[in-house]
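Please read the structure below before turning to the comments.
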There are 2 protein chains.
Amino acid sequence: MDASSSATVDSAGEAAVLDAILRVLPEPSAQLLGPGDDAAVVAQPDGRVVVTTDLMVAGPDFRLAWSTGGDLGWKAAASNLADVAAMGAVPTALVVGLALPGDTAVGFVEDLARGLAEGCRAMAPGCGVVGGDLSVSDTLTIAVTAFGDLQGRAPVRRSGAGVGDTVALAGRAGRACEGLELLFRDGVDAQGVPDAARASRLRAERPEAILAQLRPEPPIVAGPVAARAGATAMMDVSDGLARDATRLAAASRVAIELDPALLGAFGGDIALVLRGGEDHALLACFPPGPLPEPFLPIGSVVDGRGVRVDGRAVGADSGWDPYRAWDGGRG
Amino acid sequence: MDASSSATVDSAGEAAVLDAILRVLPEPSAQLLGPGDDAAVVAQPDGRVVVTTDLMVAGPDFRLAWSTGGDLGWKAAASNLADVAAMGAVPTALVVGLALPGDTAVGFVEDLARGLAEGCRAMAPGCGVVGGDLSVSDTLTIAVTAFGDLQGRAPVRRSGAGVGDTVALAGRAGRACEGLELLFRDGVDAQGVPDAARASRLRAERPEAILAQLRPEPPIVAGPVAARAGATAMMDVSDGLARDATRLAAASRVAIELDPALLGAFGGDIALVLRGGEDHALLACFPPGPLPEPFLPIGSVVDGRGVRVDGRAVGADSGWDPYRAWDGGRG
């Protein structure tokens, strides 16, 4: 069966859509048995598997006027790979569930699959999609589950930070949030509705911020690097540095003191660096000593609770709660 | 944080909803690290992991007027566990993504989590939920990914059936389809819209068929049993026996001859047995000889292509295609 890219998924049918997707997906090196049977089989020579799952929903998580199919595939890969990397593991494989409105173009779905493949290739070579599911829905939804290999090491949890550790960050902070704020300000029409032409102009004018939001590139290889270097605690920054550092501090029963001069290395606007999530930077704590590349110091672990910048407490609730932060009226 | 069961998810917030869910989920025995970090860690002593993923979407896959939260959790577990079992593997763990409308009652979500837990306990003791994700959506969506352990055996694929093998079935066939047809006929109001009161009456009057549809109980333990007994090919019947047997025959490059007298053991209406999916029976082929319990013979593998009953070819397209079979206007 074959389907032209301009056909819709309901006119093409499940088999043709699946065929279009499978054509662009490379085979991950850990894949022992891929799509086509009831389940896939993935090599996990370590005897343990790291598992994380994430939903991306049209509306609260992305706008179709702003993101291409390729952007969505890339971002779905990035956010899941970052969770695997944050345990100190090497990503091995993904499975992807797609719930698509019947009038979705087959070409959009192909583009999404291509974005998944490109994201894996760029951020986690050898990792790829081993299976999935297609369903129909009024709301475009992307469900990714990612797997990782600990290579014999203990997982790096959020709870292991100790007083005296250096707090460090790998990747970007604040850029994805800046991109989102730009899109909500200038990527909408006069009624505040997301607008594809304006977003496209914005992408050309401010590529760094817009691409950080739509196609984030977390430093996936830094996760296993941190684990090998003895990281005591690690997590990915998805809901904002202030909020996520507060979580890490709470799990480890310590306080984190952030240095504004060091945060400045991640961007001029420190407030943006603190509240910005979705860059999926890796936040990690290390015993005193030299930091492994590409980690940069941002502060230290001290006695107490919570997060402080320059001695002042930073609120944890400046971040993202899907049930509270989404204003459906905004687009 | 705590939330009363009558609160909605948007008033309660993510942390309270998560807390309500985690309270009712037992810890799977293979769980090395559970919810609360960036990813979970699951033991896979075999060095391979069996992986399957499935989306359940309000509308095409279920109706909220017909299913309770507990039904949906149970069914999400059942359909994924069946895919793991169909490879001959023992289910070890699930991850679950929930995309919920903001006005969903927290009690509904608790009930869904309880259904997941009960389904695992009944069908795959020791298996349970190790992680998940919460998101907000206009369309209630349940994304489950399930894992399984092959215990050192080769996976049982669809492609291994050989001429002379016995074709056998474990579980039910046709009952879930009968239940769905009853619900579409008598579980709707005069305008054809799904109606909770009528569905509830129907459940009391015709429990066998309605529960087969809303809370299917696939014979999960029969999967590893078949593998140990030397099954040459296996799959779970989710889209109809005629359609799925055609897929197995095509993958194995053989024909399947079904015996109507033997199909009769699964219900009086053989047409229903042939077109009915969603019972998630296990369809398997075995070399000649006694069959392991609970498999019953339904036919044999012969030279050729396709599926025949009493010598007559059975169409493969009597089953379910999500993009073609869903009539959104029906409720």
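Just remember, in the structure tokens the first chain shown is A, the second B, etc., residues are 1-based per chain, and ligands are 1-based in the order shown.
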For chain A, list the residues within 8 Å of chain B, counting only C-alpha atoms, and write the list as a ChimeraX atom specification. /A:9-11,13-14,37-60,83-84,86-87,95-99,102,131-139,143,145,157-158,235-236,321-324
Name the residues of region 126-243 of chain B that come out as strand (DSSP E) in a backbone DSSP run; write them as a ChimeraX atom specification. /B:128-136,141-149,166-170,233-237
So that I can see what lies close to Leu214 (chain A), please list as a ChimeraX atom specification the residues with an atom at most 9 Å from it, counting only C-alpha atoms and leaving out residues fewer than 5 positions away in the same chain. /A:62,66-68,71-72,74-75,176,179-180,209
Create the file for the chosen residues now, containing N, CA and C atoms and written as a PDB file, in the first residue's frame.
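For reference, again.pdb as written:
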```
ATOM      1  N   PHE A  62       2.010  22.131  22.556  1.00  0.00           N
ATOM      2  CA  PHE A  62       2.490  22.729  21.314  1.00  0.00           C
ATOM      3  C   PHE A  62       1.300  23.303  20.549  1.00  0.00           C
ATOM      4  N   TRP A  66       2.721  26.915  15.047  1.00  0.00           N
ATOM      5  CA  TRP A  66       4.112  27.263  15.328  1.00  0.00           C
ATOM      6  C   TRP A  66       5.092  26.142  14.992  1.00  0.00           C
ATOM      7  N   SER A  67       4.684  24.900  15.214  1.00  0.00           N
ATOM      8  CA  SER A  67       5.595  23.760  15.050  1.00  0.00           C
ATOM      9  C   SER A  67       5.295  23.005  13.767  1.00  0.00           C
ATOM     10  N   THR A  68       6.328  22.612  13.027  1.00  0.00           N
ATOM     11  CA  THR A  68       6.145  21.680  11.919  1.00  0.00           C
ATOM     12  C   THR A  68       6.090  20.257  12.499  1.00  0.00           C
ATOM     13  N   ASP A  71       9.518  19.469  13.722  1.00  0.00           N
ATOM     14  CA  ASP A  71       9.808  20.059  15.037  1.00  0.00           C
ATOM     15  C   ASP A  71       9.255  19.168  16.153  1.00  0.00           C
ATOM     16  N   LEU A  72       8.006  18.704  15.970  1.00  0.00           N
ATOM     17  CA  LEU A  72       7.349  17.927  17.030  1.00  0.00           C
ATOM     18  C   LEU A  72       8.053  16.599  17.262  1.00  0.00           C
ATOM     19  N   TRP A  74      11.208  15.912  16.616  1.00  0.00           N
ATOM     20  CA  TRP A  74      12.504  16.221  17.237  1.00  0.00           C
ATOM     21  C   TRP A  74      12.308  16.496  18.732  1.00  0.00           C
ATOM     22  N   LYS A  75      11.320  17.337  19.067  1.00  0.00           N
ATOM     23  CA  LYS A  75      11.129  17.725  20.476  1.00  0.00           C
ATOM     24  C   LYS A  75      10.675  16.535  21.322  1.00  0.00           C
ATOM     25  N   ALA A 176      14.700  28.472  25.660  1.00  0.00           N
ATOM     26  CA  ALA A 176      13.429  27.903  25.207  1.00  0.00           C
ATOM     27  C   ALA A 176      12.264  28.728  25.741  1.00  0.00           C
ATOM     28  N   GLY A 179      11.969  31.875  23.786  1.00  0.00           N
ATOM     29  CA  GLY A 179      11.318  31.582  22.511  1.00  0.00           C
ATOM     30  C   GLY A 179       9.805  31.482  22.675  1.00  0.00           C
ATOM     31  N   LEU A 180       9.361  30.840  23.744  1.00  0.00           N
ATOM     32  CA  LEU A 180       7.922  30.683  23.972  1.00  0.00           C
ATOM     33  C   LEU A 180       7.270  32.043  24.229  1.00  0.00           C
ATOM     34  N   ALA A 209      16.361  31.714  19.830  1.00  0.00           N
ATOM     35  CA  ALA A 209      15.323  31.526  20.857  1.00  0.00           C
ATOM     36  C   ALA A 209      14.184  30.632  20.354  1.00  0.00           C
TER      37      ALA A 209
END
```
Of the listed residues A:Arg63, A:Arg275, A:Arg175, A:His280, that which approaches Leu81 (chain A) most closely, counting only C-alpha atoms: A:His280
Please give chain A as a CSV table (one decimal) with C-alpha atoms, in the first residue's frame, after it has been superposed on chain B by least squares over all Cα atoms paired in order.
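Okay, this is what ended up in part.csv:
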```csv
chain,number,residue,atom,x,y,z
A,1,MET,CA,-0.8,17.8,49.1
A,2,ASP,CA,-4.2,16.1,49.2
A,3,ALA,CA,-7.3,16.2,47.0
A,4,SER,CA,-10.8,15.1,47.6
A,5,SER,CA,-12.1,12.6,45.0
A,6,SER,CA,-14.8,15.0,43.8
A,7,ALA,CA,-12.3,17.8,43.0
A,8,THR,CA,-11.4,18.3,39.4
A,9,VAL,CA,-7.8,17.8,38.2
A,10,ASP,CA,-7.4,21.4,37.3
A,11,SER,CA,-8.4,22.6,40.8
A,12,ALA,CA,-6.4,19.9,42.5
A,13,GLY,CA,-3.2,20.4,40.5
A,14,GLU,CA,-0.6,17.9,39.1
A,15,ALA,CA,1.1,17.0,42.4
A,16,ALA,CA,-2.2,16.1,44.1
A,17,VAL,CA,-3.5,14.0,41.2
A,18,LEU,CA,-0.2,12.2,41.0
A,19,ASP,CA,-0.4,11.5,44.7
A,20,ALA,CA,-3.9,10.1,44.4
A,21,ILE,CA,-2.7,7.8,41.7
A,22,LEU,CA,0.4,6.6,43.4
A,23,ARG,CA,-1.5,5.7,46.6
A,24,VAL,CA,-3.4,2.9,44.8
A,25,LEU,CA,-0.6,1.4,42.7
A,26,PRO,CA,1.3,-1.6,44.1
A,27,GLU,CA,5.1,-2.0,43.5
A,28,PRO,CA,5.9,-4.4,40.7
A,29,SER,CA,8.5,-7.0,41.8
A,30,ALA,CA,10.9,-6.1,38.9
A,31,GLN,CA,10.9,-2.4,40.0
A,32,LEU,CA,14.4,-1.3,41.0
A,33,LEU,CA,13.5,2.4,41.0
A,34,GLY,CA,9.9,3.7,40.8
A,35,PRO,CA,8.1,7.0,40.3
A,36,GLY,CA,9.7,10.2,41.6
A,37,ASP,CA,12.9,10.5,39.5
A,38,ASP,CA,13.4,11.4,35.8
A,39,ALA,CA,13.0,7.7,34.9
A,40,ALA,CA,12.3,4.3,36.4
A,41,VAL,CA,14.6,1.4,36.5
A,42,VAL,CA,13.2,-2.2,35.8
A,43,ALA,CA,15.1,-5.4,36.3
A,44,GLN,CA,15.5,-7.4,33.0
A,45,PRO,CA,17.8,-10.3,34.0
A,46,ASP,CA,17.3,-11.8,30.6
A,47,GLY,CA,19.4,-9.1,28.9
A,48,ARG,CA,16.5,-8.3,26.6
A,49,VAL,CA,13.3,-6.4,27.1
A,50,VAL,CA,10.0,-7.0,25.2
A,51,VAL,CA,8.3,-3.6,24.6
A,52,THR,CA,4.8,-2.7,23.3
A,53,THR,CA,2.8,0.5,23.4
A,54,ASP,CA,-0.9,1.3,22.9
A,55,LEU,CA,-3.1,4.4,22.9
A,56,MET,CA,-6.7,4.4,24.1
A,57,VAL,CA,-8.6,7.6,23.0
A,58,ALA,CA,-12.0,8.8,24.1
A,59,GLY,CA,-14.3,8.4,21.1
A,60,PRO,CA,-12.8,5.8,18.8
A,61,ASP,CA,-11.5,3.5,21.6
A,62,PHE,CA,-14.0,4.0,24.4
A,63,ARG,CA,-17.1,6.0,25.5
A,64,LEU,CA,-17.2,7.7,28.9
A,65,ALA,CA,-20.9,6.9,29.1
A,66,TRP,CA,-20.2,3.2,29.0
A,67,SER,CA,-16.9,2.7,30.8
A,68,THR,CA,-16.0,3.6,34.3
A,69,GLY,CA,-12.4,4.8,35.1
A,70,GLY,CA,-11.8,1.4,36.6
A,71,ASP,CA,-12.9,-0.3,33.4
A,72,LEU,CA,-10.5,1.9,31.3
A,73,GLY,CA,-7.6,1.1,33.6
A,74,TRP,CA,-8.3,-2.6,33.5
A,75,LYS,CA,-8.7,-2.6,29.7
A,76,ALA,CA,-5.5,-0.5,29.1
A,77,ALA,CA,-3.6,-3.1,31.2
A,78,ALA,CA,-5.3,-6.1,29.5
A,79,SER,CA,-4.6,-5.0,25.9
A,80,ASN,CA,-0.9,-4.3,26.6
A,81,LEU,CA,-0.3,-7.3,28.7
A,82,ALA,CA,-1.8,-9.4,25.9
A,83,ASP,CA,0.8,-8.0,23.4
A,84,VAL,CA,3.6,-8.9,25.8
A,85,ALA,CA,2.2,-12.4,26.4
A,86,ALA,CA,1.8,-13.0,22.6
A,87,MET,CA,5.6,-12.9,22.3
A,88,GLY,CA,5.8,-15.6,24.9
A,89,ALA,CA,7.1,-13.2,27.5
A,90,VAL,CA,6.1,-12.6,31.2
A,91,PRO,CA,4.9,-9.0,31.8
A,92,THR,CA,7.2,-7.1,34.2
A,93,ALA,CA,6.1,-3.5,34.3
A,94,LEU,CA,4.0,-0.8,32.7
A,95,VAL,CA,4.4,3.0,32.3
A,96,VAL,CA,1.2,5.0,31.8
A,97,GLY,CA,0.6,8.5,30.3
A,98,LEU,CA,-2.7,10.2,31.0
A,99,ALA,CA,-3.9,13.2,29.1
A,100,LEU,CA,-7.0,14.5,31.0
A,101,PRO,CA,-9.5,17.2,30.4
A,102,GLY,CA,-9.2,19.8,33.2
A,103,ASP,CA,-12.7,19.0,34.5
A,104,THR,CA,-12.0,15.3,35.1
A,105,ALA,CA,-12.8,14.3,38.7
A,106,VAL,CA,-9.8,13.2,40.7
A,107,GLY,CA,-12.0,10.3,41.8
A,108,PHE,CA,-12.3,9.1,38.2
A,109,VAL,CA,-8.5,9.1,37.9
A,110,GLU,CA,-8.1,7.2,41.2
A,111,ASP,CA,-10.6,4.7,39.9
A,112,LEU,CA,-8.6,4.3,36.7
A,113,ALA,CA,-5.4,3.7,38.6
A,114,ARG,CA,-7.2,1.1,40.7
A,115,GLY,CA,-8.4,-0.6,37.5
A,116,LEU,CA,-4.8,-0.7,36.3
A,117,ALA,CA,-3.6,-2.2,39.6
A,118,GLU,CA,-6.5,-4.8,39.7
A,119,GLY,CA,-6.0,-5.8,36.1
A,120,CYS,CA,-2.2,-6.4,36.7
A,121,ARG,CA,-2.9,-8.3,39.9
A,122,ALA,CA,-5.5,-10.6,38.3
A,123,MET,CA,-3.8,-11.2,34.9
A,124,ALA,CA,-0.1,-10.7,35.6
A,125,PRO,CA,0.7,-11.0,39.3
A,126,GLY,CA,4.0,-9.2,40.1
A,127,CYS,CA,3.6,-6.7,37.2
A,128,GLY,CA,2.6,-3.1,37.9
A,129,VAL,CA,3.1,0.5,37.1
A,130,VAL,CA,6.6,1.9,37.5
A,131,GLY,CA,6.2,5.4,36.1
A,132,GLY,CA,4.0,7.7,34.0
A,133,ASP,CA,3.2,11.2,32.9
A,134,LEU,CA,0.2,13.5,33.4
A,135,SER,CA,-0.9,16.1,30.8
A,136,VAL,CA,-4.0,18.1,30.0
A,137,SER,CA,-6.0,17.5,26.9
A,138,ASP,CA,-9.5,18.2,25.5
A,139,THR,CA,-9.5,14.4,24.6
A,140,LEU,CA,-9.1,11.9,27.4
A,141,THR,CA,-6.2,9.7,26.3
A,142,ILE,CA,-4.5,6.7,28.0
A,143,ALA,CA,-1.0,5.8,26.7
A,144,VAL,CA,0.4,2.5,28.1
A,145,THR,CA,3.8,1.0,27.4
A,146,ALA,CA,4.4,-2.5,28.7
A,147,PHE,CA,7.5,-4.5,29.2
A,148,GLY,CA,8.2,-8.2,29.4
A,149,ASP,CA,10.8,-10.8,30.2
A,150,LEU,CA,11.6,-13.7,27.8
A,151,GLN,CA,13.2,-15.8,30.5
A,152,GLY,CA,15.9,-16.9,28.1
A,153,ARG,CA,13.6,-18.1,25.4
A,154,ALA,CA,13.4,-16.9,21.8
A,155,PRO,CA,10.4,-14.5,21.2
A,156,VAL,CA,7.5,-16.3,19.5
A,157,ARG,CA,6.9,-14.3,16.3
A,158,ARG,CA,4.0,-14.3,13.8
A,159,SER,CA,6.3,-15.8,11.1
A,160,GLY,CA,7.2,-19.2,12.3
A,161,ALA,CA,4.1,-21.3,11.5
A,162,GLY,CA,4.8,-24.4,9.4
A,163,VAL,CA,2.6,-26.6,7.3
A,164,GLY,CA,1.1,-29.4,9.4
A,165,ASP,CA,1.0,-27.3,12.6
A,166,THR,CA,-2.2,-27.2,14.7
A,167,VAL,CA,-3.8,-23.8,15.0
A,168,ALA,CA,-5.1,-23.1,18.5
A,169,LEU,CA,-6.8,-20.4,20.5
A,170,ALA,CA,-6.7,-19.6,24.2
A,171,GLY,CA,-9.2,-17.2,25.7
A,172,ARG,CA,-12.5,-15.9,24.3
A,173,ALA,CA,-13.5,-15.0,20.8
A,174,GLY,CA,-16.5,-12.9,19.8
A,175,ARG,CA,-17.8,-12.0,23.2
A,176,ALA,CA,-16.2,-8.5,23.3
A,177,CYS,CA,-17.5,-7.8,19.8
A,178,GLU,CA,-21.0,-8.9,20.9
A,179,GLY,CA,-20.8,-6.6,23.9
A,180,LEU,CA,-19.8,-3.7,21.6
A,181,GLU,CA,-22.7,-4.4,19.2
A,182,LEU,CA,-25.1,-4.5,22.2
A,183,LEU,CA,-23.8,-1.2,23.5
A,184,PHE,CA,-24.2,0.5,20.1
A,185,ARG,CA,-27.7,-0.9,19.8
A,186,ASP,CA,-29.1,-0.7,23.3
A,187,GLY,CA,-26.7,1.5,25.2
A,188,VAL,CA,-27.6,4.7,23.3
A,189,ASP,CA,-30.5,7.1,23.6
A,190,ALA,CA,-33.1,7.8,20.9
A,191,GLN,CA,-30.6,10.0,19.0
A,192,GLY,CA,-27.9,7.3,19.0
A,193,VAL,CA,-25.8,9.0,21.7
A,194,PRO,CA,-24.1,6.7,24.3
A,195,ASP,CA,-26.2,6.8,27.4
A,196,ALA,CA,-24.9,5.9,30.9
A,197,ALA,CA,-28.2,4.7,32.4
A,198,ARG,CA,-29.0,2.4,29.5
A,199,ALA,CA,-25.4,1.0,29.5
A,200,SER,CA,-25.7,0.4,33.2
A,201,ARG,CA,-28.9,-1.6,32.7
A,202,LEU,CA,-27.4,-3.5,29.9
A,203,ARG,CA,-24.4,-4.4,32.1
A,204,ALA,CA,-26.8,-6.0,34.6
A,205,GLU,CA,-28.8,-7.8,31.9
A,206,ARG,CA,-25.9,-9.1,29.8
A,207,PRO,CA,-22.9,-9.1,32.0
A,208,GLU,CA,-20.9,-11.7,30.1
A,209,ALA,CA,-20.9,-9.8,26.8
A,210,ILE,CA,-20.7,-6.3,28.2
A,211,LEU,CA,-17.8,-7.1,30.6
A,212,ALA,CA,-16.0,-9.0,27.8
A,213,GLN,CA,-15.9,-5.6,26.0
A,214,LEU,CA,-15.3,-3.2,28.9
A,215,ARG,CA,-13.1,-5.4,31.1
A,216,PRO,CA,-11.6,-8.1,28.8
A,217,GLU,CA,-9.6,-10.8,30.6
A,218,PRO,CA,-7.0,-12.2,28.1
A,219,PRO,CA,-5.2,-15.4,29.2
A,220,ILE,CA,-1.9,-13.7,29.9
A,221,VAL,CA,-0.2,-16.7,31.5
A,222,ALA,CA,-1.0,-18.8,28.4
A,223,GLY,CA,1.6,-16.8,26.5
A,224,PRO,CA,4.7,-18.1,28.3
A,225,VAL,CA,3.0,-21.5,28.5
A,226,ALA,CA,2.7,-21.6,24.7
A,227,ALA,CA,6.3,-20.6,24.3
A,228,ARG,CA,7.5,-23.3,26.7
A,229,ALA,CA,5.4,-25.8,24.8
A,230,GLY,CA,7.2,-25.0,21.5
A,231,ALA,CA,4.6,-22.7,19.8
A,232,THR,CA,6.0,-21.9,16.3
A,233,ALA,CA,4.0,-18.6,15.9
A,234,MET,CA,1.7,-16.5,18.1
A,235,MET,CA,-0.2,-13.2,18.2
A,236,ASP,CA,-3.0,-11.7,20.2
A,237,VAL,CA,-6.4,-11.3,18.5
A,238,SER,CA,-7.2,-7.6,18.8
A,239,ASP,CA,-8.7,-6.8,15.3
A,240,GLY,CA,-10.7,-9.9,14.8
A,241,LEU,CA,-9.8,-13.6,14.3
A,242,ALA,CA,-10.2,-13.5,10.5
A,243,ARG,CA,-8.1,-10.4,10.1
A,244,ASP,CA,-5.4,-11.4,12.6
A,245,ALA,CA,-5.2,-15.1,11.4
A,246,THR,CA,-4.7,-13.6,7.9
A,247,ARG,CA,-1.8,-11.6,9.2
A,248,LEU,CA,-0.2,-14.6,10.9
A,249,ALA,CA,-0.6,-16.7,7.7
A,250,ALA,CA,0.9,-13.9,5.6
A,251,ALA,CA,3.9,-13.5,8.0
A,252,SER,CA,4.5,-17.2,7.9
A,253,ARG,CA,3.8,-17.6,4.1
A,254,VAL,CA,1.3,-20.3,4.7
A,255,ALA,CA,-2.5,-20.7,4.7
A,256,ILE,CA,-4.7,-21.4,7.7
A,257,GLU,CA,-7.7,-23.7,7.4
A,258,LEU,CA,-10.2,-23.2,10.3
A,259,ASP,CA,-12.7,-25.9,11.3
A,260,PRO,CA,-16.2,-24.5,11.9
A,261,ALA,CA,-17.0,-27.3,14.3
A,262,LEU,CA,-14.0,-26.4,16.5
A,263,LEU,CA,-14.8,-22.6,16.2
A,264,GLY,CA,-18.2,-23.5,17.6
A,265,ALA,CA,-16.6,-24.1,21.0
A,266,PHE,CA,-16.1,-20.3,21.3
A,267,GLY,CA,-19.7,-19.4,20.7
A,268,GLY,CA,-22.7,-20.4,18.6
A,269,ASP,CA,-22.3,-17.5,16.1
A,270,ILE,CA,-19.2,-18.4,14.1
A,271,ALA,CA,-19.4,-15.1,12.1
A,272,LEU,CA,-19.1,-13.3,15.4
A,273,VAL,CA,-16.1,-15.5,16.4
A,274,LEU,CA,-14.4,-14.7,13.1
A,275,ARG,CA,-14.9,-10.9,13.1
A,276,GLY,CA,-14.7,-10.2,16.8
A,277,GLY,CA,-11.5,-8.6,18.2
A,278,GLU,CA,-10.8,-7.0,21.6
A,279,ASP,CA,-11.2,-10.2,23.6
A,280,HIS,CA,-7.4,-10.4,23.1
A,281,ALA,CA,-7.4,-14.2,22.8
A,282,LEU,CA,-4.0,-15.7,22.0
A,283,LEU,CA,-3.8,-17.3,18.5
A,284,ALA,CA,-0.9,-19.8,18.3
A,285,CYS,CA,0.4,-22.6,16.1
A,286,PHE,CA,2.0,-25.8,17.6
A,287,PRO,CA,3.7,-28.8,16.0
A,288,PRO,CA,1.4,-31.8,15.9
A,289,GLY,CA,0.7,-33.4,19.3
A,290,PRO,CA,-1.1,-32.5,22.5
A,291,LEU,CA,-1.8,-28.8,23.1
A,292,PRO,CA,-0.9,-27.1,26.4
A,293,GLU,CA,-3.8,-25.8,28.5
A,294,PRO,CA,-5.8,-23.6,28.0
A,295,PHE,CA,-5.3,-23.8,24.2
A,296,LEU,CA,-8.1,-25.4,22.1
A,297,PRO,CA,-7.6,-26.5,18.5
A,298,ILE,CA,-9.4,-24.4,15.8
A,299,GLY,CA,-7.7,-25.6,12.6
A,300,SER,CA,-4.5,-26.4,10.9
A,301,VAL,CA,-1.7,-24.8,8.9
A,302,VAL,CA,-1.7,-25.8,5.2
A,303,ASP,CA,0.1,-24.8,2.0
A,304,GLY,CA,-1.1,-21.7,0.3
A,305,ARG,CA,-2.1,-18.2,1.4
A,306,GLY,CA,-4.9,-16.7,3.4
A,307,VAL,CA,-7.5,-18.1,5.7
A,308,ARG,CA,-10.2,-20.6,4.8
A,309,VAL,CA,-13.2,-21.9,6.8
A,310,ASP,CA,-14.7,-25.1,5.4
A,311,GLY,CA,-12.7,-24.5,2.3
A,312,ARG,CA,-14.1,-21.0,1.7
A,313,ALA,CA,-11.8,-17.9,1.8
A,314,VAL,CA,-12.4,-15.5,4.6
A,315,GLY,CA,-11.9,-11.8,3.9
A,316,ALA,CA,-9.2,-10.1,6.0
A,317,ASP,CA,-10.9,-6.7,5.9
A,318,SER,CA,-13.8,-7.5,8.2
A,319,GLY,CA,-11.9,-6.1,11.1
A,320,TRP,CA,-10.9,-2.7,12.6
A,321,ASP,CA,-8.9,0.1,11.0
A,322,PRO,CA,-8.8,3.1,13.4
A,323,TYR,CA,-8.8,5.7,10.6
A,324,ARG,CA,-11.6,4.0,8.6
A,325,ALA,CA,-13.8,2.2,11.2
A,326,TRP,CA,-14.4,5.1,13.5
A,327,ASP,CA,-17.6,7.0,12.9
A,328,GLY,CA,-17.2,10.1,15.1
A,329,GLY,CA,-20.9,10.9,14.6
A,330,ARG,CA,-21.8,7.8,16.5
A,331,GLY,CA,-21.1,9.4,19.9
```
Give me, as number ranges by chain, the residues of region 87-280 of chain A that a backbone DSSP run labels alpha helix (DSSP H). A: 106-123, 175-186, 196-205, 207-214, 222-228, 241-252, 260-263, 270-275
